[in-house]
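Listing of model-v5.csv, CSV, C-alpha atoms
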chain,number,residue,atom,x,y,z
A,193,MET,CA,53.0,144.6,-23.9
A,194,ILE,CA,50.2,142.1,-24.2
A,195,GLU,CA,48.4,139.9,-21.8
A,196,HIS,CA,48.2,136.4,-23.2
A,197,ALA,CA,44.9,135.3,-21.6
A,198,GLY,CA,42.7,138.2,-22.6
A,199,ARG,CA,44.8,139.7,-25.4
A,200,ARG,CA,44.8,143.1,-23.6
A,201,ILE,CA,47.5,145.3,-25.0
A,202,ARG,CA,49.3,148.2,-23.5
A,203,ILE,CA,51.3,150.8,-25.4
A,204,LEU,CA,54.3,151.7,-23.2
A,205,GLY,CA,55.9,154.3,-25.5
A,206,ALA,CA,57.8,154.8,-28.7
A,207,THR,CA,61.2,156.1,-29.5
A,208,ALA,CA,63.4,156.2,-32.6
A,209,HIS,CA,66.5,155.3,-30.6
A,210,PRO,CA,65.9,152.8,-27.9
A,211,THR,CA,68.6,152.6,-25.3
A,212,ALA,CA,69.1,150.3,-22.3
A,213,SER,CA,68.3,153.0,-19.8
A,214,ARG,CA,65.0,154.0,-21.6
A,215,VAL,CA,63.9,150.3,-21.7
A,216,THR,CA,64.6,149.9,-18.0
A,217,HIS,CA,62.7,153.1,-17.2
A,218,VAL,CA,59.7,152.0,-19.3
A,219,ALA,CA,59.7,148.6,-17.4
A,220,LYS,CA,59.1,150.3,-14.1
A,221,ASN,CA,55.8,151.9,-15.1
A,222,PRO,CA,53.8,148.8,-15.9
A,223,VAL,CA,55.2,147.0,-12.8
A,224,ARG,CA,53.9,149.9,-10.7
A,225,ASP,CA,50.5,149.9,-12.5
A,226,LEU,CA,50.2,146.1,-12.0
A,227,GLU,CA,51.0,146.4,-8.3
A,228,ASP,CA,48.4,149.2,-7.9
A,229,ALA,CA,45.7,147.2,-9.7
A,230,GLY,CA,46.5,144.1,-7.6
A,231,CYS,CA,47.3,142.0,-10.7
A,232,ARG,CA,49.6,139.1,-10.4
A,233,VAL,CA,52.0,138.5,-13.3
A,234,ARG,CA,54.3,135.6,-13.1
A,235,PHE,CA,56.2,135.7,-16.5
A,236,LEU,CA,57.2,138.2,-19.1
A,237,ILE,CA,58.3,136.7,-22.5
A,238,ARG,CA,60.8,138.9,-24.2
A,239,ASP,CA,63.2,138.6,-27.1
A,240,ARG,CA,67.0,138.6,-26.9
A,241,ASP,CA,67.5,142.2,-28.0
A,242,GLY,CA,70.7,143.9,-26.7
A,243,ASN,CA,68.6,146.8,-25.4
A,244,PHE,CA,67.3,144.7,-22.5
A,245,PRO,CA,70.0,145.1,-19.9
A,246,ALA,CA,70.4,143.0,-16.7
A,247,LEU,CA,68.8,145.9,-14.8
A,248,PHE,CA,65.6,145.3,-16.8
A,249,ASP,CA,65.4,141.7,-15.5
A,250,THR,CA,66.3,142.9,-12.0
A,251,VAL,CA,63.3,145.4,-12.0
A,252,LEU,CA,61.1,142.5,-13.0
A,253,ASN,CA,62.5,140.1,-10.5
A,254,ASP,CA,62.1,142.6,-7.7
A,255,ALA,CA,58.4,142.7,-8.6
A,256,GLY,CA,58.2,138.8,-8.6
A,257,ILE,CA,58.1,138.6,-12.4
A,258,GLU,CA,60.3,136.1,-14.2
A,259,ALA,CA,61.7,137.2,-17.5
A,260,VAL,CA,61.6,134.3,-20.0
A,261,LEU,CA,63.9,134.7,-23.1
A,262,SER,CA,62.4,133.6,-26.4
A,263,ALA,CA,64.4,130.9,-28.1
A,264,VAL,CA,66.5,131.7,-31.2
A,265,ARG,CA,64.5,131.4,-34.4
A,266,MET,CA,61.3,130.4,-32.6
A,267,PRO,CA,58.7,132.9,-33.7
A,268,ARG,CA,55.8,130.8,-32.4
A,269,MET,CA,57.2,131.2,-28.8
A,270,ASN,CA,55.9,134.7,-28.7
A,271,SER,CA,53.2,134.3,-31.4
A,272,ILE,CA,50.5,136.3,-29.7
A,273,MET,CA,52.6,139.5,-29.6
A,274,GLU,CA,53.8,138.8,-33.2
A,275,ARG,CA,50.2,138.6,-34.2
A,276,TRP,CA,49.4,142.0,-32.7
A,277,VAL,CA,52.4,143.6,-34.4
A,278,GLN,CA,51.1,142.3,-37.7
A,279,THR,CA,47.6,143.7,-36.9
A,280,CYS,CA,49.1,147.0,-36.0
A,281,ARG,CA,51.1,147.1,-39.2
A,282,ARG,CA,48.2,146.0,-41.4
A,283,GLU,CA,45.4,148.0,-39.9
A,284,LEU,CA,47.3,151.2,-39.0
A,285,LEU,CA,50.9,151.7,-40.1
A,286,ASP,CA,50.5,150.5,-43.7
A,287,ARG,CA,47.7,153.1,-44.2
A,288,THR,CA,49.2,156.0,-42.3
A,289,LEU,CA,52.0,158.4,-43.0
A,290,ILE,CA,53.5,159.0,-39.5
A,291,ARG,CA,54.8,162.6,-39.1
A,292,ASN,CA,56.6,162.4,-35.7
A,293,GLN,CA,56.8,160.6,-32.4
A,294,ARG,CA,53.8,162.4,-31.0
A,295,HIS,CA,51.6,161.4,-34.0
A,296,LEU,CA,52.8,157.8,-33.7
A,297,LEU,CA,51.8,157.6,-30.0
A,298,HIS,CA,48.4,159.2,-30.7
A,299,ALA,CA,47.7,156.7,-33.5
A,300,LEU,CA,48.9,153.7,-31.4
A,301,ARG,CA,46.7,154.8,-28.5
A,302,GLU,CA,43.7,155.1,-30.8
A,303,LEU,CA,44.4,151.6,-32.1
A,304,GLU,CA,44.8,150.3,-28.6
A,305,ASP,CA,41.4,151.8,-27.6
A,306,PHE,CA,39.8,150.4,-30.8
A,307,TYR,CA,41.3,147.0,-30.2
A,308,HIS,CA,39.9,146.8,-26.7
A,309,SER,CA,36.5,148.3,-27.2
A,310,HIS,CA,35.4,147.1,-30.7
A,311,ARG,CA,37.6,144.6,-32.5
A,312,SER,CA,36.8,140.9,-32.1
A,313,ARG,CA,39.6,138.5,-31.1
A,314,GLN,CA,40.0,135.8,-33.7
A,315,GLY,CA,42.7,134.0,-31.6
A,316,ILE,CA,40.2,133.3,-28.8
A,317,ALA,CA,37.2,132.0,-30.7
A,318,ASN,CA,36.1,135.4,-32.1
A,319,ALA,CA,35.5,136.7,-28.5
A,320,ARG,CA,34.0,140.1,-28.5
A,321,PRO,CA,35.0,142.9,-26.3
A,322,PRO,CA,33.2,142.9,-22.9
A,323,ARG,CA,29.9,144.6,-23.6
A,324,PRO,CA,26.3,143.4,-24.1
A,325,LEU,CA,25.2,142.1,-27.4
A,326,PRO,CA,22.2,143.7,-29.1
A,327,ARG,CA,18.9,141.7,-29.1
A,328,PRO,CA,18.5,139.4,-32.1
A,329,ILE,CA,16.1,140.6,-34.8
A,330,SER,CA,13.5,137.9,-35.6
A,331,ASP,CA,11.1,140.1,-37.7
A,332,PRO,CA,12.3,140.7,-41.3
A,333,GLU,CA,10.4,144.0,-41.4
A,334,GLN,CA,12.7,145.4,-38.6
A,335,ILE,CA,15.8,144.8,-40.7
A,336,ILE,CA,14.6,147.4,-43.2
A,337,HIS,CA,14.4,150.0,-40.5
A,338,LEU,CA,17.8,149.5,-39.0
A,339,ASP,CA,19.8,152.6,-38.5
A,340,ILE,CA,23.5,151.7,-38.4
A,341,ARG,CA,26.1,154.3,-37.5
A,342,ARG,CA,29.7,154.0,-38.7
A,343,PRO,CA,31.9,156.3,-36.6
A,344,GLN,CA,35.3,156.8,-38.1
A,345,ARG,CA,38.6,156.9,-36.1
A,346,LEU,CA,41.9,158.2,-37.2
A,347,GLY,CA,40.5,160.0,-40.2
A,348,GLY,CA,38.7,156.9,-41.5
A,349,ILE,CA,41.3,154.3,-41.1
A,350,LEU,CA,39.4,152.5,-38.4
A,351,HIS,CA,35.6,152.0,-38.5
A,352,GLU,CA,33.1,151.0,-35.8
A,353,TYR,CA,29.6,149.9,-36.6
A,354,ARG,CA,26.8,150.5,-34.1
A,355,HIS,CA,23.0,150.5,-34.0
A,356,ALA,CA,21.7,154.0,-33.5
A,357,ALA,CA,19.8,154.4,-30.2

Written as structure tokens, that's how I'd like the structure from this file.
Amino acid sequence: MIEHAGRRIRILGATAHPTASRVTHVAKNPVRDLEDAGCRVRFLIRDRDGNFPALFDTVLNDAGIEAVLSAVRMPRMNSIMERWVQTCRRELLDRTLIRNQRHLLHALRELEDFYHSHRSRQGIANARPPRPLPRPISDPEQIIHLDIRRPQRLGGILHEYRHAA
């Protein structure tokens, strides 16, 4: 799932064989989490996959969320999610040999954490994750003495760049 306004993603799970009952069960978890956090969600845009049963929409309606079906052959209707799927493929899945479901979930959760804590959002004017920016350097002599750290995530697939303290 992805929140359109802030581009916050949430990995709900992964399975090789999605069924209607599994999709309905997965829908209950974020609804409960949203209620606990006091968040108000009005709409959920979803595709027309046959794995979304009527019970899925009922769970959402009971929580006050209206399910909006994407139109046929309209990829721009859900373009924000499509963009994240492309990012996930390009930055993670194209560079990783996934061994099993547990490994996939670990890799996706690492990407989710990286996406929220470090990666800039080009879709919303290169907005940075919510943390303070370092002070600008005005003295050229200070640039020579910068100590930049590059922690690796997922065995070097994802990189973060930080000033050493």

(message) Please report the interatomic distance between atom CA of A:Arg342 and atom CA of A:Thr279 in Å with one decimal.
(response) 20.7 Å

(request) Would you work out the distance separating atom CA of A:Thr216 from atom CA of A:Ile203, expressed in Å to one decimal? (result)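 Going from atom CA of A:Thr216 over to atom CA of A:Ile203, I get 15.2 Å.
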
(message) I'd like the interatomic distance between atom CA of A:Ser213 and atom CA of A:Leu300, to a tenth of an Å.
(response) 22.6 Å

(request) Choose the residue, out of A:Arg240, A:Arg327, A:Arg281, A:Arg287, that has the smallest atom-to-atom separation from A:Leu346; count all atoms listed in the file. (result)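 Closest to A:Leu346, using all atoms listed in the file: A:Arg287.
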
(message) Can you pull out the residues contacting A:Asn221? Cut-off 12 Å, using only C-alpha atoms, and skip same-chain residues under 4 positions away; I want them as JSON, numbers by chain.
(response) {"A": [193, 202, 203, 204, 205, 214, 215, 216, 217, 225, 226, 227, 228, 248, 251, 252, 255]}

(request) Select, from A:Lys220, A:His295, A:Arg199, A:Arg238, the residue with the minimum atom-to-atom distance to A:Pro267, counting all atoms listed in the file. (result) A:Arg238

(message) Ranking A:Pro328, A:Ala206, A:Asp239, A:His308 by minimum distance to A:Arg268 and counting all atoms listed in the file, which one comes first?
(response)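 Counting all atoms listed in the file, the residue closest to A:Arg268 is A:Asp239.
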
(message) Give me, as a PyMOL selection string, all polymer residues having an atom no more than 12 Å from A:Asn270, counting all atoms listed in the file and skipping those fewer than 3 positions away in the same chain.
(response) chain A and resi 193-196+236-240+260-267+273-277

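The nearest approach to A:Ala299 among the residues A:Ala219, A:Leu350, A:Arg341, A:Ser330, with all atoms listed in the file taken into account, belongs to A:Leu350.
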
(message) Using all atoms listed in the file for the distances, tell me which of A:Ala259, A:Val223, A:Leu338, A:Cys280 is nearest to A:Phe235.
(response)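 Using all atoms listed in the file, the shortest distance to A:Phe235 belongs to A:Ala259.
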
(request) Go through A:His209, A:Tyr353, A:Gly256, A:Leu289 one by one, measure the shortest atom-to-atom distance of each to A:Arg232 using only C-alpha atoms, and give the residue with the smallest value. (result)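 Nearest candidate to A:Arg232 out of A:His209, A:Tyr353, A:Gly256, A:Leu289: A:Gly256.
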
Please, what is the axis-aligned box for every listed atom of stretch 198-202 of chain A with 8 Å on each side, as centre and edge lengths in Å to one decimal, as JSON?
{"center_x": 46.0, "center_y": 143.2, "center_z": -24.0, "size_x": 22.6, "size_y": 26.0, "size_z": 18.8}
